[in-house]
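Q: Pasting coords29.tsv here (TSV, C-alpha atoms):
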```tsv
chain	number	residue	atom	x	y	z
C	102	MET	CA	-59.94	-15.92	-48.08
C	103	ALA	CA	-61.17	-12.45	-49.13
C	104	GLY	CA	-64.89	-11.95	-49.46
C	105	ARG	CA	-65.95	-14.94	-47.37
C	106	VAL	CA	-69.35	-14.94	-45.69
C	107	ILE	CA	-69.39	-17.14	-42.59
C	108	PHE	CA	-72.37	-17.86	-40.35
C	109	HIS	CA	-72.22	-19.12	-36.79
C	110	ILE	CA	-75.49	-20.70	-35.65
C	111	ASP	CA	-76.01	-20.97	-31.89
C	112	MET	CA	-79.18	-22.58	-30.56
C	113	ASN	CA	-80.63	-20.65	-27.62
C	114	SER	CA	-80.97	-22.47	-24.29
C	115	PHE	CA	-81.01	-25.64	-26.36
C	116	TYR	CA	-82.00	-28.45	-23.98
C	117	ALA	CA	-84.67	-26.35	-22.26
C	118	SER	CA	-85.96	-25.09	-25.62
C	119	VAL	CA	-86.27	-28.67	-26.89
C	120	GLU	CA	-88.29	-29.56	-23.79
C	121	GLN	CA	-90.56	-26.55	-24.37
C	122	ALA	CA	-90.99	-27.51	-28.03
C	123	HIS	CA	-91.89	-31.05	-27.03
C	124	ASP	CA	-94.35	-29.84	-24.38
C	125	PRO	CA	-95.80	-26.42	-25.32
C	126	SER	CA	-97.37	-26.09	-21.85
C	127	LEU	CA	-93.82	-25.33	-20.60
C	128	LYS	CA	-93.45	-22.22	-22.75
C	129	GLY	CA	-93.16	-18.97	-20.90
C	130	LYS	CA	-92.32	-20.78	-17.68
C	131	PRO	CA	-89.04	-21.13	-15.75
C	132	VAL	CA	-87.74	-24.51	-16.92
C	133	ALA	CA	-84.42	-26.18	-16.14
C	134	VAL	CA	-82.94	-29.45	-17.29
C	135	ALA	CA	-81.20	-30.99	-14.29
C	136	GLY	CA	-79.35	-34.20	-13.53
C	137	ASN	CA	-80.92	-35.95	-10.51
C	138	ALA	CA	-83.76	-33.43	-10.63
C	139	LYS	CA	-85.37	-35.03	-7.57
C	140	GLU	CA	-82.23	-34.65	-5.47
C	141	ARG	CA	-81.23	-31.28	-4.06
C	142	ARG	CA	-77.57	-31.96	-4.82
C	143	GLY	CA	-78.19	-32.48	-8.56
C	144	ILE	CA	-76.98	-29.69	-10.84
C	145	ILE	CA	-78.69	-27.49	-13.42
C	146	VAL	CA	-77.52	-28.44	-16.92
C	147	THR	CA	-79.31	-25.61	-18.70
C	148	SER	CA	-82.30	-23.37	-18.13
C	149	SER	CA	-84.87	-21.42	-20.11
C	150	TYR	CA	-84.56	-17.67	-20.44
C	151	GLU	CA	-87.51	-17.32	-18.07
C	152	ALA	CA	-85.50	-19.21	-15.44
C	153	ARG	CA	-82.34	-17.24	-16.18
C	154	ALA	CA	-84.26	-14.02	-15.56
C	155	GLN	CA	-84.81	-15.29	-12.01
C	156	GLY	CA	-81.11	-15.95	-11.43
C	157	ILE	CA	-80.88	-19.60	-12.44
C	158	TYR	CA	-77.61	-20.59	-14.11
C	159	THR	CA	-75.80	-23.71	-15.33
C	160	THR	CA	-74.01	-25.76	-12.59
C	161	MET	CA	-76.23	-24.29	-9.85
C	162	THR	CA	-77.47	-27.07	-7.56
C	163	VAL	CA	-81.11	-28.09	-7.66
C	164	GLY	CA	-81.46	-27.03	-4.03
C	165	GLU	CA	-80.16	-23.54	-4.77
C	166	ALA	CA	-82.39	-23.25	-7.83
C	167	LYS	CA	-85.50	-24.17	-5.83
C	168	ARG	CA	-84.67	-21.61	-3.15
C	169	LYS	CA	-84.10	-18.87	-5.73
C	170	CYS	CA	-87.07	-19.83	-7.93
C	171	PRO	CA	-89.66	-21.93	-6.02
C	172	ASP	CA	-91.85	-22.39	-9.10
C	173	ILE	CA	-89.04	-23.70	-11.31
C	174	ILE	CA	-89.95	-26.77	-13.38
C	175	LEU	CA	-87.16	-29.36	-13.24
C	176	ILE	CA	-86.87	-31.92	-16.02
C	177	PRO	CA	-84.42	-34.85	-16.21
C	178	PRO	CA	-82.23	-34.81	-19.33
C	179	ASP	CA	-83.28	-36.83	-22.38
C	180	PHE	CA	-80.17	-36.76	-24.53
C	181	ALA	CA	-81.68	-38.94	-27.27
C	182	LYS	CA	-84.32	-36.24	-27.72
C	183	TYR	CA	-81.67	-33.52	-27.93
C	184	ARG	CA	-79.65	-35.49	-30.47
C	185	ALA	CA	-82.74	-35.86	-32.68
C	186	ALA	CA	-83.39	-32.12	-32.46
C	187	SER	CA	-79.74	-31.39	-33.26
C	188	ALA	CA	-79.79	-33.67	-36.30
C	189	ALA	CA	-82.97	-31.95	-37.51
C	190	MET	CA	-81.37	-28.53	-37.12
C	191	PHE	CA	-78.24	-29.51	-39.02
C	192	ALA	CA	-80.36	-31.11	-41.77
C	193	ILE	CA	-82.00	-27.72	-42.33
C	194	LEU	CA	-78.60	-25.98	-42.46
C	195	ARG	CA	-77.27	-28.50	-44.98
C	196	SER	CA	-80.19	-27.76	-47.28
C	197	TYR	CA	-78.50	-24.39	-47.91
C	198	THR	CA	-74.86	-25.50	-48.29
C	199	HIS	CA	-72.73	-28.59	-47.84
C	200	LEU	CA	-70.14	-26.42	-46.07
C	201	VAL	CA	-71.53	-26.99	-42.56
C	202	GLU	CA	-69.22	-27.70	-39.61
C	203	PRO	CA	-70.85	-28.82	-36.36
C	204	VAL	CA	-68.81	-27.83	-33.31
C	205	SER	CA	-71.21	-29.10	-30.67
C	206	ILE	CA	-74.72	-30.52	-30.40
C	207	ASP	CA	-76.22	-27.03	-30.60
C	208	GLU	CA	-73.87	-24.86	-32.68
C	209	GLY	CA	-72.01	-24.87	-35.96
C	210	TYR	CA	-70.41	-22.83	-38.74
C	211	LEU	CA	-71.57	-22.41	-42.34
C	212	ASP	CA	-69.67	-21.00	-45.32
C	213	VAL	CA	-72.42	-19.34	-47.37
C	214	THR	CA	-70.13	-17.34	-49.66
C	215	GLU	CA	-71.53	-18.90	-52.84
C	216	ARG	CA	-75.14	-18.83	-51.67
C	217	SER	CA	-74.78	-15.17	-50.76
C	218	LYS	CA	-74.16	-14.31	-54.39
C	219	THR	CA	-77.85	-14.92	-55.12
C	220	LEU	CA	-79.41	-14.05	-51.74
C	221	HIS	CA	-78.28	-11.31	-49.36
C	222	PRO	CA	-76.65	-12.77	-46.21
C	223	LEU	CA	-79.19	-11.04	-43.94
C	224	GLN	CA	-82.13	-12.48	-45.89
C	225	LEU	CA	-80.46	-15.87	-45.87
C	226	ALA	CA	-79.92	-15.76	-42.11
C	227	GLN	CA	-83.51	-14.64	-41.50
C	228	GLU	CA	-84.81	-17.48	-43.64
C	229	MET	CA	-82.68	-20.06	-41.79
C	230	GLN	CA	-83.69	-18.70	-38.40
C	231	GLN	CA	-87.39	-18.71	-39.27
C	232	ARG	CA	-87.25	-22.22	-40.72
C	233	ILE	CA	-85.62	-23.58	-37.57
C	234	LEU	CA	-88.24	-21.77	-35.50
C	235	HIS	CA	-91.25	-22.83	-37.54
C	236	GLU	CA	-90.21	-26.39	-38.38
C	237	LEU	CA	-88.58	-27.30	-35.07
C	238	ASP	CA	-90.03	-24.65	-32.75
C	239	LEU	CA	-86.51	-23.83	-31.59
C	240	PRO	CA	-84.91	-20.37	-31.28
C	241	CYS	CA	-81.38	-19.61	-32.45
C	242	SER	CA	-78.99	-16.72	-32.87
C	243	ILE	CA	-76.85	-16.19	-35.97
C	244	GLY	CA	-73.58	-14.32	-36.33
C	245	ILE	CA	-72.52	-13.11	-39.79
C	246	ALA	CA	-68.89	-12.19	-40.46
C	247	PRO	CA	-65.94	-12.71	-42.84
C	248	ASN	CA	-64.39	-15.43	-40.62
C	249	LYS	CA	-65.22	-17.99	-37.91
C	250	PHE	CA	-63.90	-16.02	-34.95
C	251	LEU	CA	-65.91	-12.91	-35.75
C	252	ALA	CA	-69.01	-14.95	-36.63
C	253	LYS	CA	-68.87	-16.71	-33.26
C	254	THR	CA	-68.37	-13.39	-31.51
C	255	ALA	CA	-71.32	-11.90	-33.39
C	256	SER	CA	-73.73	-14.72	-32.51
C	257	ASP	CA	-73.08	-14.07	-28.82
C	258	MET	CA	-74.02	-10.40	-29.10
C	259	LYS	CA	-77.78	-10.81	-29.26
C	260	LYS	CA	-79.73	-13.64	-27.63
C	261	PRO	CA	-82.27	-15.08	-28.02
C	262	MET	CA	-83.31	-14.93	-31.68
C	263	GLY	CA	-80.65	-12.44	-32.70
C	264	ILE	CA	-78.98	-11.87	-36.06
C	265	THR	CA	-75.79	-9.82	-35.85
C	266	VAL	CA	-73.40	-8.70	-38.58
C	267	LEU	CA	-69.82	-8.03	-37.45
C	268	ARG	CA	-67.44	-6.48	-39.97
C	269	LYS	CA	-63.71	-6.36	-39.50
C	270	ARG	CA	-63.72	-2.55	-39.63
C	271	GLU	CA	-66.07	-2.49	-36.62
C	272	ILE	CA	-63.91	-4.42	-34.16
C	273	SER	CA	-62.00	-1.38	-32.88
C	274	ALA	CA	-65.27	0.18	-31.73
C	275	LEU	CA	-67.16	-2.95	-30.65
C	276	LEU	CA	-64.50	-5.37	-29.37
C	277	TRP	CA	-61.39	-3.49	-28.37
C	278	PRO	CA	-62.93	-1.70	-25.36
C	279	LEU	CA	-63.96	-5.05	-23.81
C	280	GLU	CA	-61.89	-6.86	-21.19
C	281	VAL	CA	-59.84	-9.75	-22.58
C	282	ILE	CA	-61.89	-12.31	-20.61
C	283	GLU	CA	-64.82	-11.37	-22.89
C	284	MET	CA	-62.92	-12.57	-25.96
C	285	HIS	CA	-63.90	-15.96	-27.36
C	286	GLY	CA	-61.02	-18.39	-26.73
C	287	VAL	CA	-59.68	-16.62	-23.63
C	288	GLY	CA	-60.31	-18.40	-20.34
C	289	GLU	CA	-59.74	-17.26	-16.78
C	290	SER	CA	-56.17	-18.56	-16.62
C	291	THR	CA	-55.13	-16.91	-19.90
C	292	ALA	CA	-56.89	-13.67	-18.96
C	293	LYS	CA	-55.09	-13.55	-15.62
C	294	LYS	CA	-51.73	-14.09	-17.30
C	295	LEU	CA	-52.50	-11.42	-19.92
C	296	ASN	CA	-53.49	-9.00	-17.15
C	297	SER	CA	-50.19	-9.68	-15.38
C	298	ILE	CA	-48.26	-8.37	-18.40
C	299	GLY	CA	-50.43	-5.26	-18.73
C	300	ILE	CA	-52.98	-6.50	-21.26
C	301	LYS	CA	-56.40	-5.62	-19.84
C	302	THR	CA	-58.60	-5.17	-22.92
C	303	ILE	CA	-58.97	-6.80	-26.32
C	304	GLY	CA	-57.60	-3.54	-27.73
C	305	ASP	CA	-54.48	-3.93	-25.61
C	306	LEU	CA	-54.08	-7.43	-27.01
C	307	ALA	CA	-54.51	-6.21	-30.59
C	308	LYS	CA	-51.82	-3.56	-30.12
C	309	ALA	CA	-49.37	-5.75	-28.17
C	310	ASP	CA	-46.01	-7.00	-29.41
C	311	GLU	CA	-46.82	-10.22	-31.28
C	312	ARG	CA	-43.34	-11.65	-30.66
C	313	LYS	CA	-43.66	-11.06	-26.93
C	314	LEU	CA	-47.07	-12.76	-26.92
C	315	GLN	CA	-45.66	-15.72	-28.79
C	316	LYS	CA	-42.81	-15.96	-26.29
C	317	GLU	CA	-45.25	-15.90	-23.35
C	318	PHE	CA	-48.02	-18.10	-24.79
C	319	GLY	CA	-46.45	-20.03	-27.66
C	320	LYS	CA	-48.57	-20.53	-30.78
C	321	ASN	CA	-51.67	-19.51	-28.89
C	322	GLY	CA	-50.15	-16.07	-28.31
C	323	ALA	CA	-49.84	-15.42	-32.03
C	324	ARG	CA	-53.34	-16.82	-32.59
C	325	LEU	CA	-54.88	-14.55	-29.95
C	326	TYR	CA	-53.07	-11.53	-31.39
C	327	LYS	CA	-54.44	-12.20	-34.87
C	328	ARG	CA	-57.98	-12.77	-33.64
C	329	ALA	CA	-57.92	-9.59	-31.57
C	330	ASN	CA	-57.18	-7.89	-34.89
C	331	GLY	CA	-60.09	-9.67	-36.56
C	332	GLU	CA	-58.02	-12.25	-38.44
C	333	ASP	CA	-58.93	-15.95	-38.57
C	334	PRO	CA	-57.93	-18.02	-41.64
C	335	ARG	CA	-59.68	-21.25	-40.55
C	336	GLU	CA	-61.96	-22.75	-43.16
C	337	VAL	CA	-65.36	-24.29	-42.49
C	338	ASP	CA	-64.69	-28.03	-42.55
C	339	PRO	CA	-67.75	-30.18	-43.42
C	340	ASN	CA	-65.75	-33.32	-42.60
C	341	SER	CA	-65.10	-32.25	-39.04
C	342	ILE	CA	-66.86	-34.49	-36.53
C	343	PHE	CA	-67.80	-33.08	-33.15
C	344	ASP	CA	-66.52	-35.48	-30.55
C	345	THR	CA	-66.57	-34.97	-26.80
C	346	LYS	CA	-63.17	-36.12	-25.58
C	347	SER	CA	-63.45	-35.15	-21.94
C	348	VAL	CA	-65.87	-33.96	-19.31
C	349	GLY	CA	-64.76	-31.96	-16.31
C	350	ASN	CA	-65.39	-29.18	-13.83
C	351	SER	CA	-63.30	-26.97	-11.59
C	352	THR	CA	-63.83	-24.48	-8.80
C	353	THR	CA	-61.83	-21.66	-7.30
C	354	LEU	CA	-61.89	-21.75	-3.52
C	355	PRO	CA	-62.79	-18.55	-1.65
C	356	ARG	CA	-59.44	-18.62	0.18
C	357	ASP	CA	-56.13	-20.48	0.21
C	358	GLU	CA	-57.24	-23.77	1.73
C	359	THR	CA	-55.46	-26.42	3.79
C	360	GLU	CA	-58.37	-27.83	5.80
C	361	TYR	CA	-58.67	-31.54	5.05
C	362	TYR	CA	-62.45	-31.77	5.41
C	363	ILE	CA	-63.11	-28.72	3.19
C	364	LEU	CA	-60.85	-30.06	0.45
C	365	LYS	CA	-62.56	-33.45	0.68
C	366	GLU	CA	-66.01	-31.88	0.48
C	367	THR	CA	-64.88	-29.91	-2.58
C	368	PHE	CA	-63.68	-33.08	-4.29
C	369	GLU	CA	-67.00	-34.77	-3.49
C	370	LYS	CA	-68.98	-31.85	-4.92
C	371	LEU	CA	-66.89	-31.72	-8.10
C	372	SER	CA	-67.17	-35.49	-8.52
C	373	ARG	CA	-70.95	-35.25	-8.39
C	374	SER	CA	-70.90	-32.42	-10.91
C	375	VAL	CA	-68.69	-34.35	-13.35
C	376	ALA	CA	-70.86	-37.47	-12.91
C	377	GLU	CA	-73.97	-35.44	-13.73
C	378	ARG	CA	-72.35	-34.06	-16.88
C	379	LEU	CA	-71.29	-37.55	-17.97
C	380	LYS	CA	-74.83	-38.76	-17.35
C	381	VAL	CA	-76.36	-36.02	-19.46
C	382	LYS	CA	-74.04	-36.85	-22.35
C	383	TYR	CA	-74.35	-40.64	-21.78
C	384	LEU	CA	-70.57	-40.93	-21.52
C	385	ALA	CA	-68.06	-42.86	-19.42
C	386	GLY	CA	-64.27	-42.51	-19.39
C	387	THR	CA	-61.15	-44.47	-18.54
C	388	THR	CA	-58.83	-41.63	-17.50
C	389	ILE	CA	-59.29	-39.29	-14.57
C	390	SER	CA	-57.23	-36.15	-14.06
C	391	ILE	CA	-57.04	-33.64	-11.25
C	392	GLN	CA	-55.80	-30.08	-11.46
C	393	ILE	CA	-54.49	-28.34	-8.37
C	394	ARG	CA	-53.58	-24.65	-8.33
C	395	ASN	CA	-51.74	-23.51	-5.21
C	396	PHE	CA	-51.76	-20.16	-3.44
C	397	GLU	CA	-49.06	-18.90	-5.79
C	398	TRP	CA	-51.25	-19.87	-8.78
C	399	GLN	CA	-48.90	-22.63	-9.85
C	400	ASN	CA	-50.66	-25.53	-11.53
C	401	GLN	CA	-50.12	-29.24	-10.97
C	402	THR	CA	-51.91	-31.96	-12.92
C	403	ARG	CA	-52.01	-35.68	-12.15
C	404	SER	CA	-53.81	-38.47	-14.03
C	405	LYS	CA	-54.66	-42.12	-13.66
C	406	SER	CA	-56.13	-44.55	-16.19
C	407	VAL	CA	-58.31	-47.54	-15.35
C	408	LYS	CA	-59.42	-50.57	-17.33
C	409	ASN	CA	-63.15	-50.16	-16.76
C	410	ALA	CA	-64.79	-46.91	-17.86
C	411	ILE	CA	-66.16	-44.90	-14.94
C	412	GLN	CA	-69.19	-42.62	-14.79
C	413	HIS	CA	-70.52	-42.58	-11.21
C	414	ALA	CA	-69.73	-39.92	-8.61
C	415	ASP	CA	-68.36	-42.36	-6.03
C	416	GLU	CA	-65.98	-43.91	-8.58
C	417	ILE	CA	-64.77	-40.49	-9.72
C	418	PHE	CA	-64.32	-39.24	-6.16
C	419	ASP	CA	-62.45	-42.35	-5.03
C	420	LEU	CA	-59.86	-42.06	-7.81
C	421	ALA	CA	-59.56	-38.26	-7.69
C	422	TRP	CA	-59.20	-38.08	-3.90
C	423	LYS	CA	-56.55	-40.80	-3.86
C	424	LEU	CA	-54.60	-38.95	-6.57
C	425	PHE	CA	-54.78	-35.79	-4.52
C	426	LEU	CA	-53.62	-37.42	-1.28
C	427	GLN	CA	-50.72	-39.09	-3.09
C	428	HIS	CA	-49.38	-35.82	-4.43
C	429	TRP	CA	-50.50	-33.06	-2.05
C	430	ASP	CA	-47.66	-31.67	0.07
C	431	GLU	CA	-50.04	-29.61	2.25
C	432	THR	CA	-49.34	-26.45	0.29
C	433	PRO	CA	-52.43	-24.15	0.43
C	434	VAL	CA	-54.82	-24.90	-2.45
C	435	ARG	CA	-56.78	-22.23	-4.37
C	436	LEU	CA	-58.31	-24.17	-7.27
C	437	ILE	CA	-59.37	-27.79	-7.77
C	438	GLY	CA	-60.44	-29.41	-11.03
C	439	ILE	CA	-61.53	-32.93	-11.99
C	440	THR	CA	-61.72	-34.24	-15.55
C	441	VAL	CA	-62.75	-37.62	-16.95
C	442	SER	CA	-61.27	-38.22	-20.42
C	443	ASN	CA	-60.94	-40.91	-23.07
C	444	VAL	CA	-64.71	-41.01	-22.98
C	445	VAL	CA	-67.01	-43.36	-24.88
C	446	ASP	CA	-70.76	-43.80	-25.10
C	447	GLN	CA	-71.97	-45.62	-22.00
C	448	ALA	CA	-73.70	-48.15	-24.23
C	449	GLU	CA	-70.36	-48.98	-25.84
C	450	SER	CA	-68.30	-49.20	-22.67
C	451	THR	CA	-67.50	-52.72	-21.57
C	452	GLN	CA	-66.28	-54.12	-18.30
C	453	GLN	CA	-63.56	-56.67	-17.89
C	454	LEU	CA	-64.17	-59.50	-15.47
C	455	ASN	CA	-62.36	-59.10	-12.21
C	456	LEU	CA	-62.75	-60.12	-8.59
C	457	PHE	CA	-65.12	-57.25	-7.91
C	458	ASN	CA	-67.62	-57.65	-10.73
C	459	PHE	CA	-67.33	-61.36	-11.43
C	460	GLU	CA	-70.18	-62.19	-9.07
C	461	GLN	CA	-72.49	-59.76	-10.84
C	462	HIS	CA	-71.64	-61.27	-14.21
C	463	ILE	CA	-72.46	-64.70	-12.84
C	464	LYS	CA	-75.87	-63.38	-11.79
C	465	ASP	CA	-76.38	-62.09	-15.31
C	466	GLU	CA	-75.59	-65.43	-16.94
C	467	PRO	CA	-79.22	-66.66	-17.30
C	468	ILE	CA	-80.10	-63.32	-18.94
C	469	VAL	CA	-77.10	-63.57	-21.26
C	470	GLU	CA	-78.22	-67.01	-22.38
C	471	LEU	CA	-81.76	-65.73	-23.01
C	472	VAL	CA	-80.43	-62.79	-25.03
C	473	ASP	CA	-78.30	-65.16	-27.13
C	474	GLN	CA	-81.33	-67.35	-27.82
C	475	MET	CA	-83.44	-64.37	-28.86
C	476	ALA	CA	-80.64	-63.02	-31.04
C	477	LYS	CA	-80.44	-66.33	-32.89
C	478	LYS	CA	-84.21	-66.34	-33.43
C	479	PHE	CA	-84.94	-62.67	-34.14
C	480	GLY	CA	-81.58	-61.20	-35.12
C	481	LYS	CA	-78.56	-59.61	-33.45
C	482	GLY	CA	-79.24	-56.54	-31.32
C	483	VAL	CA	-82.93	-57.26	-30.70
C	484	VAL	CA	-82.22	-57.13	-26.95
C	485	GLN	CA	-79.51	-54.99	-25.37
C	486	ARG	CA	-78.27	-54.34	-21.86
C	487	GLY	CA	-80.24	-51.53	-20.25
C	488	VAL	CA	-77.67	-48.75	-20.28
C	489	ARG	CA	-80.29	-46.31	-21.51
C	490	VAL	CA	-83.68	-46.30	-23.13
C	491	LYS	CA	-84.29	-43.99	-26.03
C	492	LYS	CA	-87.75	-42.54	-25.72
C	493	LYS	CA	-89.87	-41.93	-28.78
C	494	SER	CA	-89.81	-38.31	-27.85
C	495	PHE	CA	-91.51	-36.87	-30.89
C	496	ALA	CA	-93.91	-39.64	-31.84
C	497	SER	CA	-96.86	-37.52	-30.70
C	498	ASN	CA	-98.09	-34.33	-32.35
C	499	THR	CA	-95.30	-31.83	-31.77
C	500	SER	CA	-93.74	-28.98	-33.67
C	501	PHE	CA	-90.95	-31.20	-35.01
C	502	SER	CA	-91.00	-32.29	-38.64
C	503	LYS	CA	-92.60	-35.75	-38.73
C	504	ASP	CA	-91.01	-36.45	-42.11
C	505	PHE	CA	-87.53	-35.83	-40.71
C	506	LEU	CA	-88.15	-37.95	-37.67
C	507	GLU	CA	-89.37	-40.85	-39.79
C	508	ASP	CA	-86.20	-40.58	-41.88
C	509	HIS	CA	-84.14	-40.33	-38.67
C	510	LYS	CA	-85.61	-43.59	-37.38
C	511	LYS	CA	-84.75	-45.37	-40.63
C	512	SER	CA	-81.15	-44.11	-40.73
```
I need this file expressed as structure tokens, please.
A:
Amino acid sequence: MAGRVIFHIDMNSFYASVEQAHDPSLKGKPVAVAGNAKERRGIIVTSSYEARAQGIYTTMTVGEAKRKCPDIILIPPDFAKYRAASAAMFAILRSYTHLVEPVSIDEGYLDVTERSKTLHPLQLAQEMQQRILHELDLPCSIGIAPNKFLAKTASDMKKPMGITVLRKREISALLWPLEVIEMHGVGESTAKKLNSIGIKTIGDLAKADERKLQKEFGKNGARLYKRANGEDPREVDPNSIFDTKSVGNSTTLPRDETEYYILKETFEKLSRSVAERLKVKYLAGTTISIQIRNFEWQNQTRSKSVKNAIQHADEIFDLAWKLFLQHWDETPVRLIGITVSNVVDQAESTQQLNLFNFEQHIKDEPIVELVDQMAKKFGKGVVQRGVRVKKKSFASNTSFSKDFLEDHKKS
């Protein structure tokens, strides 16, 4: 593992940046991509740096965003457009090395150890960053380090358009003074538990008793200890496929809550949030889970699976609220979470006939027959159910590579 050179590429404000690249008139303006942009209860999915400077953040409601930034430009999500941009970005990265591991639509790792033997890592990163900017008109930040953990940490240090080198010998000065919640891979729950045993900073974690951490946190304890000391043996895996397995959201209540109507309103709000996130990703799922944390910070999780994949707020709320009522013993609640898992693309989800949707299927019968006739005449797949329409987002003159997009259409 010695001598590795790992890059972490993180696209800056990706969805909003894609919209600004597609429509240059949006550049320099506060832009936010929002589900149900016309409704005040819709949520902000992402926002441009101009919008962030005015206090706009992800998961903020559209109503709140408009109050805080009256001139904000709200755009409905176009996930097909973002997927095309993502594919274009990864195509550029793979022109440098086959060792590219996507971890989400807008970030990934590269092992450029071999390439760095002929071109200095900083020059290589600058070239990649400028190509992505010039060919796709999209900004990104790049972290350079000897392993994935440090590379990811480095890419977060300077945004937008940053390039940061983080060496293992620098972590005691740069990372150890930070609170543990600032460490990549440590969430609120883990940070709270670490704090409870006297570990406040990343330095405290690095100097802790590894055996005690493993006893408290299992394998994750040992993993966190090693990463706090700058160690991460994971290889960049080009065969890894990014796959969203679940979509969820949670909220910590301002006080220990037992009021029925407040809890119900919270479930309704979270259900809308999860539905918006599913919509943005064009996903639907067959399992719903709720997380309840009581006033003593004890967690309880309950799940229910259904035959037909769900995606709408009312469906999510109905199942989640029933689960809650079945298992709540009126103990004061401090945190509520809702997750939809076992997700699939909405276009691939199918419904089974039952008493509730049979009538609708009957209404569709004439259309089904017409589709079958057209399929026989023109070929299978010529007409599909209208789950979503993929817009030809970059057919006009834009900053995206026309050659790539033509190849993308053919593939």
Q: Rounded to one decimal in Å, what is the spacing between atom CA of C:Gly319 and atom CA of C:Lys253?
A: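 A separation of 23.3 Å between them.
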Q: Taking into account all atoms listed in the file, which residue in the set C:Lys128, C:Lys405, C:Lys308, C:Arg435 is nearest to C:Ser273?
A: C:Lys308
Q: I'd like the contact shell of stretch 150-164 of chain C - 12 Å cut-off, only C-alpha atoms, skipping same-chain residues fewer than 6 positions apart - returned as a ChimeraX atom specification.
A: /C:113-118,121,127-144,170-177,240,260-262,349-352,370-371,373-375,377-378
Q: Rounded to one decimal in Å, what is the spacing between atom CA of C:Val213 and atom CA of C:Thr198?
A: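 Calculated distance between atom CA of C:Val213 and atom CA of C:Thr198 is 6.7 Å.
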Q: Using only C-alpha atoms, can you tell me which of C:Lys316, C:Lys294, C:His235, C:Lys249 comes closest to C:Asp338?
A: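 Result for the nearest residue to C:Asp338: C:Lys249.
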Q: Could you give me, as an NGL selection string, the residues that sit within 10 Å of (-52.0, -27.7, -11.1) in the file's coordinates, counting all atoms listed in the file?
A: :C and (391-395 or 398-403 or 434-438)
Q: Which one of C:Ser372, C:Ser341, C:Thr291, C:Asn409 sits closest to C:Glu317 if you count all atoms listed in the file?
A: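 Looking at the shortest contact to C:Glu317, the residue is C:Thr291.
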Q: Find the residue from C:Thr353, C:Asn248, C:Ser187, C:Ser406 that sits nearest to C:Ser290; use all atoms listed in the file when measuring.
A: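 Looking at the shortest contact to C:Ser290, the residue is C:Thr353.
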Q: Go through C:Tyr197, C:Glu369, C:Asp124, C:Met112 one by one, measure the shortest atom-to-atom distance of each to C:Thr219 using only C-alpha atoms, and give the residue with the smallest value.
A: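 Counting only C-alpha atoms, the residue closest to C:Thr219 is C:Tyr197.
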Q: Between atom CA of C:Ile233 and atom CA of C:Phe191, what distance in Å does the model show, to one decimal?
A: 9.6 Å
Q: Which residue, C:Leu237, C:Val204, C:Val106, C:Leu211, has the smallest gap to C:Ala186 when you use all atoms listed in the file?
A: C:Leu237
Q: Counting all atoms listed in the file, which residues sit no farther than 12 Å from the position (-49.2, -11.5, -20.1) in the file's frame? I'd like them as a ChimeraX atom specification.
A: /C:281,290-302,305-306,309-311,313-319,322,325-326
Q: When you look at C:Lys259 with a cut-off of 9 Å (counting only C-alpha atoms), what residues show up, excluding the ones that are within fewer than 3 positions of it in the same chain? I need them as an mmCIF file with C-alpha atoms, in the frame of the given file.
A:
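Saved the output as part-v4.cif:
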```
data_model
loop_
_atom_site.group_PDB
_atom_site.id
_atom_site.type_symbol
_atom_site.label_atom_id
_atom_site.label_comp_id
_atom_site.auth_asym_id
_atom_site.auth_seq_id
_atom_site.Cartn_x
_atom_site.Cartn_y
_atom_site.Cartn_z
ATOM 1 C CA SER C 242 -78.990 -16.720 -32.870
ATOM 2 C CA ILE C 243 -76.850 -16.190 -35.970
ATOM 3 C CA GLY C 244 -73.580 -14.320 -36.330
ATOM 4 C CA ALA C 255 -71.320 -11.900 -33.390
ATOM 5 C CA SER C 256 -73.730 -14.720 -32.510
ATOM 6 C CA MET C 262 -83.310 -14.930 -31.680
ATOM 7 C CA GLY C 263 -80.650 -12.440 -32.700
ATOM 8 C CA ILE C 264 -78.980 -11.870 -36.060
ATOM 9 C CA THR C 265 -75.790 -9.820 -35.850
#
```
Q: Set the distance at 12 Å and use all atoms listed in the file: which residues neighbour C:Ser347 once local chain neighbours fewer than 4 positions away are removed? I'd like the list as a ChimeraX atom specification.
A: /C:375-376,378-379,382,384-390,412,439-446
